[in-house]
file entry.cif (mmCIF, C-alpha atoms)
data_protein
#
loop_
_atom_site.label_atom_id
_atom_site.label_comp_id
_atom_site.auth_asym_id
_atom_site.auth_seq_id
_atom_site.Cartn_x
_atom_site.Cartn_y
_atom_site.Cartn_z
CA MET A 5 0.85 26.51 30.87
CA ASN A 6 0.10 24.46 27.75
CA PHE A 7 -0.37 24.97 24.04
CA GLN A 8 -4.13 24.45 24.19
CA GLN A 9 -4.38 27.43 26.53
CA LEU A 10 -2.28 29.52 24.17
CA ARG A 11 -4.40 28.45 21.18
CA SER A 12 -7.55 29.41 23.08
CA ILE A 13 -6.15 32.90 23.67
CA ARG A 14 -5.09 33.33 20.06
CA GLU A 15 -8.33 32.05 18.56
CA ALA A 16 -10.45 34.17 20.89
CA ALA A 17 -8.71 37.27 19.53
CA ARG A 18 -9.02 36.03 15.94
CA HIS A 19 -12.73 35.22 16.25
CA ASN A 20 -13.74 38.53 17.80
CA TYR A 21 -14.08 36.94 21.28
CA ASN A 22 -16.90 34.65 20.18
CA LEU A 23 -16.25 31.48 22.18
CA THR A 24 -18.69 29.43 20.11
CA GLU A 25 -16.58 30.10 17.03
CA VAL A 26 -13.37 29.50 19.00
CA ALA A 27 -14.64 26.12 20.19
CA ALA A 28 -15.53 25.14 16.62
CA ALA A 29 -12.09 26.21 15.37
CA LEU A 30 -10.34 24.13 18.04
CA PHE A 31 -12.75 21.17 17.87
CA THR A 32 -13.74 21.38 21.50
CA SER A 33 -16.53 22.78 23.67
CA GLN A 34 -17.19 26.35 24.76
CA PRO A 35 -16.87 25.49 28.50
CA ALA A 36 -13.50 23.89 27.75
CA ILE A 37 -12.30 27.07 26.07
CA SER A 38 -13.48 29.20 28.99
CA ARG A 39 -11.68 26.89 31.39
CA GLN A 40 -8.43 27.00 29.42
CA ILE A 41 -8.47 30.80 29.39
CA ARG A 42 -9.30 31.09 33.08
CA GLU A 43 -6.58 28.62 34.09
CA LEU A 44 -3.95 30.54 32.16
CA GLU A 45 -5.11 33.86 33.63
CA GLU A 46 -4.92 32.39 37.13
CA GLU A 47 -1.44 30.98 36.48
CA LEU A 48 -0.19 34.33 35.18
CA GLY A 49 -2.02 36.33 37.83
CA ILE A 50 -3.62 38.75 35.36
CA GLU A 51 -6.80 39.07 33.31
CA ILE A 52 -6.13 38.78 29.59
CA PHE A 53 -9.68 39.60 28.44
CA THR A 54 -12.26 42.17 29.43
CA ARG A 55 -15.69 40.69 30.15
CA ALA A 56 -19.36 41.55 30.31
CA GLY A 57 -20.67 38.83 32.58
CA LYS A 58 -19.31 35.60 31.13
CA ARG A 59 -18.91 37.05 27.64
CA LEU A 60 -15.48 38.16 26.42
CA THR A 61 -15.52 41.68 24.99
CA GLY A 62 -11.89 42.53 24.28
CA LEU A 63 -8.29 42.44 25.44
CA THR A 64 -7.10 44.09 28.62
CA ALA A 65 -3.92 46.18 28.52
CA PRO A 66 -1.87 43.17 29.72
CA GLY A 67 -3.68 41.03 27.17
CA GLN A 68 -2.64 43.37 24.36
CA THR A 69 0.97 42.96 25.45
CA LEU A 70 0.76 39.18 25.84
CA LEU A 71 -1.06 38.36 22.59
CA PRO A 72 2.00 38.96 20.32
CA ILE A 73 4.04 36.72 22.65
CA VAL A 74 1.39 34.01 22.41
CA GLU A 75 1.46 34.33 18.61
CA ARG A 76 5.25 33.97 18.57
CA LEU A 77 5.20 30.92 20.85
CA LEU A 78 2.68 29.16 18.64
CA LEU A 79 4.57 30.19 15.51
CA GLU A 80 7.78 28.72 16.89
CA ALA A 81 5.95 25.54 17.90
CA GLY A 82 4.83 25.20 14.30
CA ASN A 83 8.37 25.96 13.15
CA LEU A 84 9.68 23.15 15.35
CA LYS A 85 7.36 20.68 13.65
CA SER A 86 8.25 21.96 10.17
CA ALA A 87 11.98 21.79 10.88
CA SER A 88 11.71 18.20 12.09
CA ARG A 89 9.74 17.23 8.98
CA ASP A 90 12.53 18.59 6.80
CA PHE A 91 14.76 15.88 8.26
CA LYS A 92 12.21 13.06 8.43
CA GLU A 93 10.14 13.71 5.29
CA LYS A 94 12.37 15.85 3.11
CA ASP A 95 10.52 15.40 -0.19
CA SER A 96 6.97 14.96 1.04
CA GLY A 97 4.41 17.11 2.77
CA VAL A 98 1.53 19.54 2.18
CA PHE A 99 2.22 22.96 0.70
CA PHE A 100 -0.32 25.83 0.60
CA VAL A 101 0.09 28.67 -1.89
CA ALA A 102 -2.42 31.55 -1.81
CA ALA A 103 -2.73 33.74 -4.91
CA THR A 104 -5.12 36.07 -6.65
CA HIS A 105 -6.94 34.68 -9.66
CA SER A 106 -4.68 36.52 -12.11
CA GLN A 107 -1.53 35.12 -10.52
CA ALA A 108 -2.94 31.59 -10.29
CA ARG A 109 -4.26 31.66 -13.85
CA TYR A 110 -1.44 33.40 -15.71
CA ALA A 111 1.77 33.65 -13.66
CA LEU A 112 2.00 30.41 -11.70
CA PRO A 113 1.12 27.50 -14.05
CA ALA A 114 4.68 26.89 -15.28
CA VAL A 115 6.05 27.16 -11.74
CA VAL A 116 3.45 24.72 -10.41
CA ARG A 117 4.17 22.28 -13.26
CA ASP A 118 7.92 22.35 -12.60
CA PHE A 119 7.36 22.05 -8.85
CA ARG A 120 5.25 18.93 -9.28
CA GLN A 121 8.01 17.37 -11.38
CA MET A 122 10.64 18.21 -8.75
CA TYR A 123 8.55 17.17 -5.71
CA PRO A 124 5.99 14.52 -6.72
CA GLY A 125 5.56 13.57 -3.06
CA VAL A 126 4.37 17.05 -2.02
CA THR A 127 0.65 17.83 -2.19
CA LEU A 128 0.24 21.41 -3.38
CA HIS A 129 -2.96 23.28 -2.56
CA LEU A 130 -3.52 26.47 -4.57
CA ARG A 131 -5.91 28.78 -2.74
CA GLN A 132 -7.36 31.85 -4.41
CA GLY A 133 -8.59 35.06 -2.84
CA SER A 134 -8.31 38.82 -2.69
CA PRO A 135 -5.01 40.34 -1.53
CA GLN A 136 -6.57 40.96 1.89
CA GLN A 137 -7.75 37.34 2.09
CA ILE A 138 -4.29 36.16 1.10
CA ALA A 139 -2.74 38.22 3.89
CA ASP A 140 -5.21 36.74 6.38
CA MET A 141 -4.37 33.22 5.20
CA LEU A 142 -0.68 33.87 5.77
CA LEU A 143 -1.22 35.39 9.20
CA THR A 144 -3.45 32.53 10.38
CA GLY A 145 -1.20 29.81 8.96
CA ALA A 146 -3.70 28.74 6.30
CA ALA A 147 -1.09 29.46 3.59
CA ASP A 148 2.68 29.14 3.45
CA ILE A 149 3.27 31.58 0.59
CA GLY A 150 1.15 34.41 -0.84
CA VAL A 151 1.35 35.90 -4.34
CA ALA A 152 -0.42 39.15 -5.24
CA THR A 153 0.19 42.62 -6.62
CA GLU A 154 -1.71 44.83 -4.19
CA ALA A 155 -2.01 45.22 -0.41
CA LEU A 156 0.52 42.63 0.79
CA ALA A 157 3.17 45.26 1.57
CA ASP A 158 0.74 46.94 4.00
CA TYR A 159 1.06 44.24 6.68
CA GLU A 160 3.88 44.64 9.22
CA GLN A 161 3.78 40.94 10.16
CA LEU A 162 4.47 39.91 6.58
CA VAL A 163 7.74 39.91 4.67
CA THR A 164 7.19 40.88 1.05
CA LEU A 165 9.70 40.03 -1.66
CA PRO A 166 9.78 41.55 -5.16
CA GLY A 167 8.48 39.25 -7.86
CA TYR A 168 8.05 40.42 -11.44
CA ARG A 169 6.99 43.69 -13.02
CA TRP A 170 4.10 43.89 -15.45
CA SER A 171 1.94 46.42 -17.25
CA HIS A 172 -1.65 46.74 -18.47
CA SER A 173 -3.13 46.37 -21.93
CA VAL A 174 -6.35 47.69 -23.42
CA ILE A 175 -8.42 45.02 -25.15
CA VAL A 176 -11.00 45.76 -27.83
CA PRO A 177 -13.05 43.86 -30.43
CA PRO A 178 -11.90 43.80 -34.08
CA GLY A 179 -12.63 47.02 -35.97
CA HIS A 180 -12.80 49.15 -32.83
CA PRO A 181 -12.02 52.87 -33.42
CA LEU A 182 -9.02 52.74 -31.07
CA LEU A 183 -7.34 50.36 -33.52
CA GLN A 184 -7.58 52.92 -36.33
CA GLN A 185 -5.53 55.62 -34.58
CA ASN A 186 -2.15 56.55 -35.98
CA GLN A 187 -0.83 57.83 -32.65
CA PRO A 188 -0.60 55.99 -29.29
CA VAL A 189 -3.86 55.92 -27.38
CA SER A 190 -4.26 58.43 -24.57
CA LEU A 191 -6.23 58.38 -21.36
CA GLU A 192 -8.64 60.81 -22.98
CA ASP A 193 -9.18 58.29 -25.80
CA LEU A 194 -9.96 55.56 -23.29
CA ALA A 195 -12.29 57.77 -21.26
CA ALA A 196 -14.41 58.31 -24.37
CA HIS A 197 -15.55 54.66 -24.16
CA PRO A 198 -17.26 52.53 -21.51
CA ILE A 199 -14.59 50.63 -19.56
CA ILE A 200 -14.54 47.13 -18.07
CA THR A 201 -11.71 46.38 -15.66
CA TYR A 202 -10.73 44.87 -12.32
CA GLU A 203 -12.45 45.39 -8.99
CA HIS A 204 -10.83 47.72 -6.47
CA GLY A 205 -7.87 46.07 -4.76
CA PHE A 206 -7.15 43.66 -7.61
CA THR A 207 -4.45 43.44 -10.27
CA GLY A 208 -3.21 47.00 -10.34
CA ARG A 209 -6.62 48.69 -10.25
CA ALA A 210 -5.20 51.40 -7.98
CA HIS A 211 -2.74 52.47 -10.70
CA ILE A 212 -5.56 52.64 -13.25
CA ASP A 213 -7.62 54.92 -11.02
CA GLU A 214 -4.60 57.07 -10.15
CA ALA A 215 -3.74 57.63 -13.81
CA PHE A 216 -7.23 58.90 -14.71
CA SER A 217 -7.42 60.98 -11.53
CA ARG A 218 -4.12 62.76 -12.30
CA GLU A 219 -5.55 63.85 -15.64
CA GLY A 220 -8.82 64.98 -14.09
CA LEU A 221 -10.78 62.32 -15.97
CA ALA A 222 -13.78 60.37 -14.68
CA PRO A 223 -14.14 57.35 -16.98
CA GLU A 224 -17.40 55.43 -17.20
CA ILE A 225 -16.57 52.06 -15.66
CA VAL A 226 -19.58 49.93 -16.53
CA LEU A 227 -18.43 46.60 -15.11
CA THR A 228 -15.73 45.29 -12.77
CA ALA A 229 -14.53 41.75 -12.10
CA MET A 230 -11.75 39.91 -10.28
CA ASP A 231 -11.04 37.76 -13.31
CA ALA A 232 -9.51 38.86 -16.63
CA ASP A 233 -11.38 36.09 -18.45
CA VAL A 234 -14.67 37.59 -17.27
CA ILE A 235 -13.55 41.03 -18.43
CA LYS A 236 -12.64 39.66 -21.87
CA THR A 237 -16.00 37.91 -22.16
CA TYR A 238 -17.92 41.16 -21.77
CA VAL A 239 -15.59 43.04 -24.09
CA GLU A 240 -16.37 40.42 -26.73
CA LEU A 241 -20.07 41.16 -26.15
CA GLY A 242 -19.44 44.81 -27.04
CA MET A 243 -20.16 46.26 -23.60
CA GLY A 244 -16.98 48.34 -23.54
CA ILE A 245 -13.21 48.29 -23.78
CA GLY A 246 -11.22 46.27 -21.28
CA ILE A 247 -8.15 47.11 -19.22
CA VAL A 248 -6.36 43.95 -18.10
CA ALA A 249 -2.91 42.73 -17.14
CA SER A 250 -0.86 42.25 -20.30
CA ILE A 251 -0.04 38.69 -19.28
CA ALA A 252 -3.76 37.89 -19.40
CA PHE A 253 -3.96 38.39 -23.16
CA ASP A 254 -3.01 35.51 -25.45
CA PRO A 255 -3.34 36.19 -29.20
CA GLU A 256 -3.90 32.50 -29.92
CA ARG A 257 -6.58 32.00 -27.30
CA ASP A 258 -8.18 35.47 -27.53
CA ARG A 259 -8.70 35.54 -31.29
CA LEU A 260 -11.86 37.61 -31.04
CA LEU A 261 -9.99 40.47 -29.38
CA HIS A 262 -7.05 42.79 -30.02
CA ALA A 263 -4.66 44.16 -27.40
CA ILE A 264 -3.25 47.69 -27.29
CA ASP A 265 -0.12 48.27 -25.22
CA ALA A 266 -0.93 50.65 -22.35
CA ARG A 267 2.37 50.69 -20.47
CA HIS A 268 2.77 54.38 -21.30
CA LEU A 269 -0.54 55.19 -19.60
CA PHE A 270 -0.43 53.31 -16.30
CA GLU A 271 2.32 52.84 -13.74
CA VAL A 272 4.19 49.55 -13.90
CA ASN A 273 2.97 47.04 -11.31
CA LEU A 274 5.02 44.78 -9.04
CA THR A 275 3.84 41.33 -8.09
CA ARG A 276 5.05 40.36 -4.62
CA ILE A 277 5.66 37.14 -2.78
CA ALA A 278 4.62 37.36 0.87
CA LEU A 279 5.56 35.23 3.85
CA ARG A 280 4.80 35.46 7.54
CA ARG A 281 7.77 36.98 9.32
CA GLY A 282 9.82 34.44 11.26
CA ILE A 283 8.15 31.35 9.80
CA TRP A 284 10.16 28.19 9.09
CA LEU A 285 9.73 27.22 5.46
CA ARG A 286 10.23 23.69 4.24
CA ASP A 287 13.05 23.25 1.72
CA TYR A 288 10.60 22.70 -1.13
CA ALA A 289 8.94 26.07 -0.37
CA TYR A 290 12.26 27.83 -0.97
CA ARG A 291 12.63 25.96 -4.26
CA PHE A 292 9.14 27.03 -5.32
CA ILE A 293 9.99 30.68 -4.68
CA GLU A 294 13.30 30.41 -6.53
CA SER A 295 11.58 28.77 -9.49
CA PHE A 296 9.16 31.70 -9.64
CA VAL A 297 11.80 34.40 -9.12
CA PRO A 298 15.37 33.09 -9.72
CA THR A 299 16.97 35.99 -7.81
CA LEU A 300 15.13 34.95 -4.64
CA THR A 301 17.52 32.22 -3.58
CA PRO A 302 16.97 30.36 -0.28
CA GLU A 303 19.74 32.44 1.30
CA VAL A 304 18.10 35.72 0.30
CA VAL A 305 14.67 34.61 1.50
CA ARG A 306 15.97 33.31 4.85
CA GLU A 307 17.75 36.58 5.50
CA LYS A 308 14.60 38.60 4.79
CA LEU A 309 12.42 36.31 6.91
CA ASN A 310 14.60 36.79 9.96
CA GLU A 311 15.28 40.52 9.65
CA GLY A 312 14.35 42.41 12.80
CA LEU A 313 13.44 39.31 14.80
CA GLU A 314 14.49 39.14 18.40
CA ARG A 315 15.90 35.72 19.21
#
call {"tool": "encode", "arguments": {"input": "entry.cif", "output": "structure tokens"}}
result
Amino acid sequence: MNFQQLRSIREAARHNYNLTEVAAALFTSQPAISRQIRELEEELGIEIFTRAGKRLTGLTAPGQTLLPIVERLLLEAGNLKSASRDFKEKDSGVFFVAATHSQARYALPAVVRDFRQMYPGVTLHLRQGSPQQIADMLLTGAADIGVATEALADYEQLVTLPGYRWSHSVIVPPGHPLLQQNQPVSLEDLAAHPIITYEHGFTGRAHIDEAFSREGLAPEIVLTAMDADVIKTYVELGMGIGIVASIAFDPERDRLLHAIDARHLFEVNLTRIALRRGIWLRDYAYRFIESFVPTLTPEVVREKLNEGLER
């Protein structure tokens, strides 16, 4: 048994049993992948994959049991390398942080700046994606840390830690009727105007939809985007009112717009930090997390990472 065999098993499951894609992912040939899989099956005395001719079609019952073990073995192999680097190359390395656009644009800049000052020898890669893409990056090892508001808590293989709480604001052009009201704006007031806001699955959109649904309202959402800057651009053009994360509005930068506090209309949102359960984090990764959320000390994070693991 060797790690290349284990990687072939894992990647076959990840790439929907397409051996051409598996070979490309592992920088080898398709016959080599087939051979690695067959040799491991012969050594174990079981078939891991179901087949139609030479084509893999799925996992057998034993394969479904073995795949999580394969994943753990490869995770621990990666942990072994990371742990050794902490001793050999304490203040250098490559660090991958995956975040939604809103988090990367508005929440993380100060943390990234401070991190670079603390660890100039660490190359930080900031990858952006949807919450689902961030979860996939964590599960496949393409990211060390994930930061998002939605979806991350839905994955059993991930540990999610509470970050910061935030609310939404309504943004409008100068002179808009909503600015003339003497009483706080209501959901009915908002529903009377075309609305521009986030796409489904981004930046608290679920709480926006839930709030209108509870009141039996069906607002006219004329445009959606992943990016608050895009939303603000179209509000400036007069296409509708915007609903964005409060942190995305800057009075100095957004001088052509006004913000109306909407925390009384929509449920407060929680940004989460996500990690793959059982992963070994480099020391600088713990410092990054603590810089972002001071209550998440290395001790707290380590305890959460190892909860429920069988050693």
call {"tool": "resolve_selection", "arguments": {"input": "entry.cif", "expression": "the PyMOL selection byres ((chain A and resi 108) around 12)", "output": "MDAnalysis selection string"}}
result
chainID A and resid 101:107 109:116 129:134 150:152 207 231:232 251:252
call {"tool": "atom_distance", "arguments": {"input": "entry.cif", "atom1": "CA of Arg306 in chain A", "atom2": "CA of Val272 in chain A"}}
result
27.5 Å
call {"tool": "closest_residue", "arguments": {"input": "entry.cif", "among": "A:Ser38, A:Ser33, A:Ser250, A:Thr275", "to": "Val297 in chain A", "atoms": "all atoms listed in the file"}}
result
A:Thr275
call {"tool": "atom_distance", "arguments": {"input": "entry.cif", "atom1": "CA of Asp265 in chain A", "atom2": "CA of Leu221 in chain A"}}
result
19.9 Å
call {"tool": "residues_around", "arguments": {"input": "entry.cif", "residues": "Ile175 in chain A", "least_positions_apart": "5", "cutoff": "9 Å", "atoms": "only C-alpha atoms", "output": "list in words"}}
result
Lys236, Val239, Ile245, Gly246, Ile247, Val248, Phe253, Leu261, His262, Ala263, Ile264 and Asp265 of chain A
call {"tool": "closest_residue", "arguments": {"input": "entry.cif", "among": "A:Gly97, A:Arg39, A:Leu162, A:Gly242", "to": "Ile199 in chain A", "atoms": "all atoms listed in the file"}}
result
A:Gly242
call {"tool": "atom_distance", "arguments": {"input": "entry.cif", "atom1": "CA of Glu214 in chain A", "atom2": "CA of Ala139 in chain A"}}
result
23.6 Å
